[in-house]
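Only one structure is covered here, and it is reproduced in the block below.
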Amino acid sequence: MNYTLLGSLTSPYVRKIRLLLHGTPYELKVVNYMEEEGNDYLKSINPVNKLPVLIDGEKTILDSRVIFNYLSNKNKWIKLTIDEENILTAIDGAMDSAVNLFMLRRGGLDLNSGNGLVERHKARIPHILDYLTPWVRTLDDKNPAHWNFLTMSLYSLLYWYDFREVGSLKNHQDLKIFLEKFKNAPGVAETTIPT
Ligand SMILES: N[C@@H](CCC(=O)N[C@@H](CS)C(=O)NCC(=O)O)C(=O)O
């Protein structure tokens with residue numbers, strides 16, 4: 001077994017790396033940072049105290065984007081264009097805001113209290129989903145090249161967003177169609193969030 005992935009079964013950041021690693025032998029080590037033991041362990045590996053972390057022999061790689069870059073260099077995948085990098089940044093921006101809103105709500109914060117930072121997070125997500133829509137319309141689930149790190153990231157985001165009821169996709173029909181079309185893509189069933 002070459003790789004160890006520190007992760008969880010629910011995180012959308014972890015899921016996109018699990019989708020990327022689908023078909024590659026690796027061990028998934030589930031870390032529960034909500035418990036003291038898991039939190040202390042994660043902190044000892046990753047000063048940022050976030051999942052995912054990839055361990056490849058002597059190397060420890062922090063952050064999903066850096067993990068992707070590391071695997072991309074190692075496997076000599078075609079470099080992403082700036083437009084593709086921008087799409088990834090947008091997906092990560094929405095993921096970050098969605099995860100923050102979820103954690104704040106879980107911590108008991110009223111998300112309708114008018115807090116300025118919360119409002120910025122709330123506004124960011126639909127704006128990003130609008131930005132992504134023209135690209136999403138070009139995607140074809142019958143084209144294997146279209147199941148790549150960008151679409152894996154988007155799938156992980158949208159599935160989690162809907163699953164956690166952070167927001168709604170009712171005004172983003174193209175994104176709902178994307179989720180439906182790619183639900184049988186490699187690794188999706190194996191990485192689905194347990195209920
Ligand atoms: N930029 C990081 C973000 C990862 C992230 O936010 N992970 C969440 C899980 S979904 C986490 O570990 N949160 C713990 C915390 O914020 O303390 C990445 O791309 O890997």
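A note on labels: chains of the structure tokens are A, B, ... as shown, every chain counts residues from 1, and ligands are counted from 1 in their shown order.
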query: Got a sec to check which residues lie within 9 Å of ligand 1, using only C-alpha atoms and all ligand atoms, and send them as an MDAnalysis selection string?
result: chainID A and resid 7:8 10:14 33:34 39 48:53 62:67 92 95:96 99:100 103
Please build the interface table for region 38-127 of chain A against region 154-163 of chain A with a cut-off of 8 Å, listing for each qualifying residue the nearest atom pair and the distance in Å to one decimal; count only C-alpha atoms, order rows by chain and increasing number, and write it as JSON lines.
{"residue": "A:Ile91", "atom": "CA", "partner": "A:Leu154", "partner_atom": "CA", "distance": 6.3}
{"residue": "A:Ala94", "atom": "CA", "partner": "A:Leu157", "partner_atom": "CA", "distance": 7.8}
{"residue": "A:Met95", "atom": "CA", "partner": "A:Leu157", "partner_atom": "CA", "distance": 5.9}
{"residue": "A:Ala98", "atom": "CA", "partner": "A:Tyr161", "partner_atom": "CA", "distance": 6.9}
As number ranges by chain, which residues of chain A does DSSP assign to strand (DSSP E)? A: 3-7, 26-30, 53-56, 59-62
Restricting it to all heavy atoms, dump the selection as a compact mmCIF listing (two decimals), in the first residue's frame.
# COMPACT_ATOMS: atom_id res chain seq x y z
N TYR A 3 -0.06 4.76 -0.46
CA TYR A 3 -0.56 6.00 0.13
C TYR A 3 -1.44 5.75 1.35
O TYR A 3 -2.19 4.78 1.40
CB TYR A 3 -1.43 6.75 -0.89
CG TYR A 3 -0.72 7.15 -2.16
CD1 TYR A 3 -1.17 6.68 -3.39
CD2 TYR A 3 0.36 8.02 -2.13
CE1 TYR A 3 -0.55 7.07 -4.56
CE2 TYR A 3 0.98 8.41 -3.30
CZ TYR A 3 0.52 7.93 -4.51
OH TYR A 3 1.13 8.31 -5.67
N THR A 4 -1.35 6.70 2.30
CA THR A 4 -2.33 6.74 3.38
C THR A 4 -3.01 8.09 3.30
O THR A 4 -2.34 9.13 3.21
CB THR A 4 -1.65 6.58 4.77
OG1 THR A 4 -0.97 5.34 4.78
CG2 THR A 4 -2.67 6.60 5.89
N LEU A 5 -4.33 8.06 3.31
CA LEU A 5 -5.09 9.31 3.27
C LEU A 5 -5.76 9.49 4.62
O LEU A 5 -6.55 8.64 5.04
CB LEU A 5 -6.14 9.25 2.15
CG LEU A 5 -7.02 10.49 1.98
CD1 LEU A 5 -6.19 11.67 1.47
CD2 LEU A 5 -8.18 10.20 1.02
N LEU A 6 -5.42 10.59 5.31
CA LEU A 6 -6.13 10.91 6.54
C LEU A 6 -7.38 11.67 6.12
O LEU A 6 -7.28 12.68 5.40
CB LEU A 6 -5.28 11.77 7.48
CG LEU A 6 -3.88 11.28 7.83
CD1 LEU A 6 -3.28 12.14 8.94
CD2 LEU A 6 -3.89 9.82 8.25
N GLY A 7 -8.53 11.17 6.57
CA GLY A 7 -9.75 11.81 6.10
C GLY A 7 -10.94 11.48 6.95
O GLY A 7 -10.80 11.02 8.09
N TYR A 26 -4.74 2.54 -1.73
CA TYR A 26 -4.42 3.46 -0.62
C TYR A 26 -5.23 3.05 0.60
O TYR A 26 -6.25 2.39 0.48
CB TYR A 26 -4.70 4.92 -1.00
CG TYR A 26 -6.16 5.30 -1.02
CD1 TYR A 26 -6.76 5.94 0.06
CD2 TYR A 26 -6.98 5.02 -2.12
CE1 TYR A 26 -8.11 6.29 0.05
CE2 TYR A 26 -8.32 5.36 -2.14
CZ TYR A 26 -8.87 6.00 -1.06
OH TYR A 26 -10.21 6.33 -1.07
N GLU A 27 -4.71 3.50 1.74
CA GLU A 27 -5.44 3.23 2.98
C GLU A 27 -6.11 4.51 3.44
O GLU A 27 -5.45 5.56 3.52
CB GLU A 27 -4.47 2.74 4.07
CG GLU A 27 -5.18 2.41 5.38
CD GLU A 27 -4.24 2.37 6.58
OE1 GLU A 27 -3.02 2.52 6.40
OE2 GLU A 27 -4.76 2.21 7.70
N LEU A 28 -7.40 4.45 3.71
CA LEU A 28 -8.10 5.61 4.26
C LEU A 28 -8.09 5.48 5.78
O LEU A 28 -8.62 4.52 6.33
CB LEU A 28 -9.55 5.67 3.75
CG LEU A 28 -10.39 6.80 4.36
CD1 LEU A 28 -9.91 8.16 3.87
CD2 LEU A 28 -11.87 6.61 4.02
N LYS A 29 -7.46 6.45 6.43
CA LYS A 29 -7.44 6.45 7.89
C LYS A 29 -8.42 7.53 8.36
O LYS A 29 -8.19 8.72 8.11
CB LYS A 29 -6.01 6.76 8.35
CG LYS A 29 -5.75 6.44 9.79
CD LYS A 29 -4.24 6.43 10.02
CE LYS A 29 -3.94 6.44 11.49
NZ LYS A 29 -2.52 6.36 11.78
N VAL A 30 -9.52 7.08 8.97
CA VAL A 30 -10.55 8.04 9.38
C VAL A 30 -10.11 8.73 10.68
O VAL A 30 -9.76 8.07 11.65
CB VAL A 30 -11.91 7.33 9.55
CG1 VAL A 30 -12.94 8.27 10.16
CG2 VAL A 30 -12.40 6.82 8.19
N VAL A 53 -5.18 14.87 4.50
CA VAL A 53 -3.72 14.84 4.48
C VAL A 53 -3.35 13.56 3.75
O VAL A 53 -3.93 12.50 4.02
CB VAL A 53 -3.14 14.81 5.91
CG1 VAL A 53 -1.63 14.62 5.87
CG2 VAL A 53 -3.51 16.07 6.69
N LEU A 54 -2.39 13.67 2.84
CA LEU A 54 -1.91 12.46 2.15
C LEU A 54 -0.50 12.15 2.65
O LEU A 54 0.34 13.05 2.73
CB LEU A 54 -1.88 12.67 0.64
CG LEU A 54 -1.49 11.42 -0.18
CD1 LEU A 54 -2.62 10.39 -0.18
CD2 LEU A 54 -1.13 11.78 -1.62
N ILE A 55 -0.27 10.88 2.97
CA ILE A 55 1.07 10.46 3.35
C ILE A 55 1.58 9.49 2.29
O ILE A 55 0.91 8.50 1.97
CB ILE A 55 1.06 9.82 4.76
CG1 ILE A 55 0.53 10.86 5.77
CG2 ILE A 55 2.47 9.37 5.17
CD1 ILE A 55 0.30 10.35 7.15
N ASP A 56 2.72 9.85 1.73
CA ASP A 56 3.35 9.01 0.70
C ASP A 56 4.78 8.74 1.17
O ASP A 56 5.68 9.55 0.95
CB ASP A 56 3.35 9.76 -0.64
CG ASP A 56 3.99 8.94 -1.76
OD1 ASP A 56 4.18 7.72 -1.58
OD2 ASP A 56 4.31 9.53 -2.82
N LYS A 59 6.85 11.48 2.80
CA LYS A 59 6.26 12.80 2.49
C LYS A 59 4.85 12.93 3.06
O LYS A 59 4.04 12.02 2.93
CB LYS A 59 6.18 13.00 0.98
CG LYS A 59 7.50 13.34 0.34
CD LYS A 59 7.28 14.02 -1.02
CE LYS A 59 8.59 14.47 -1.60
NZ LYS A 59 9.48 13.33 -1.90
N THR A 60 4.61 14.10 3.65
CA THR A 60 3.26 14.42 4.14
C THR A 60 2.76 15.61 3.34
O THR A 60 3.44 16.64 3.28
CB THR A 60 3.33 14.78 5.64
OG1 THR A 60 3.80 13.64 6.34
CG2 THR A 60 1.96 15.15 6.19
N ILE A 61 1.61 15.46 2.71
CA ILE A 61 1.12 16.53 1.84
C ILE A 61 -0.20 17.06 2.41
O ILE A 61 -1.16 16.30 2.61
CB ILE A 61 0.92 16.01 0.39
CG1 ILE A 61 2.24 15.40 -0.12
CG2 ILE A 61 0.50 17.14 -0.55
CD1 ILE A 61 2.21 13.92 -0.25
N LEU A 62 -0.21 18.37 2.67
CA LEU A 62 -1.36 19.03 3.30
C LEU A 62 -2.18 19.76 2.23
O LEU A 62 -1.59 20.38 1.35
CB LEU A 62 -0.87 20.06 4.32
CG LEU A 62 0.23 19.60 5.30
CD1 LEU A 62 0.64 20.76 6.19
CD2 LEU A 62 -0.23 18.41 6.12
CA of Val136 (chain A) and CA of Leu117 (chain A) are how many Å apart?
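Going from CA of Val136 (chain A) over to CA of Leu117 (chain A) covers 28.2 Å.
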Ile125 (chain A) proximity check over A:Glu58, A:Phe102, A:Gly38, A:Gly167, using only C-alpha atoms: winner is A:Gly167
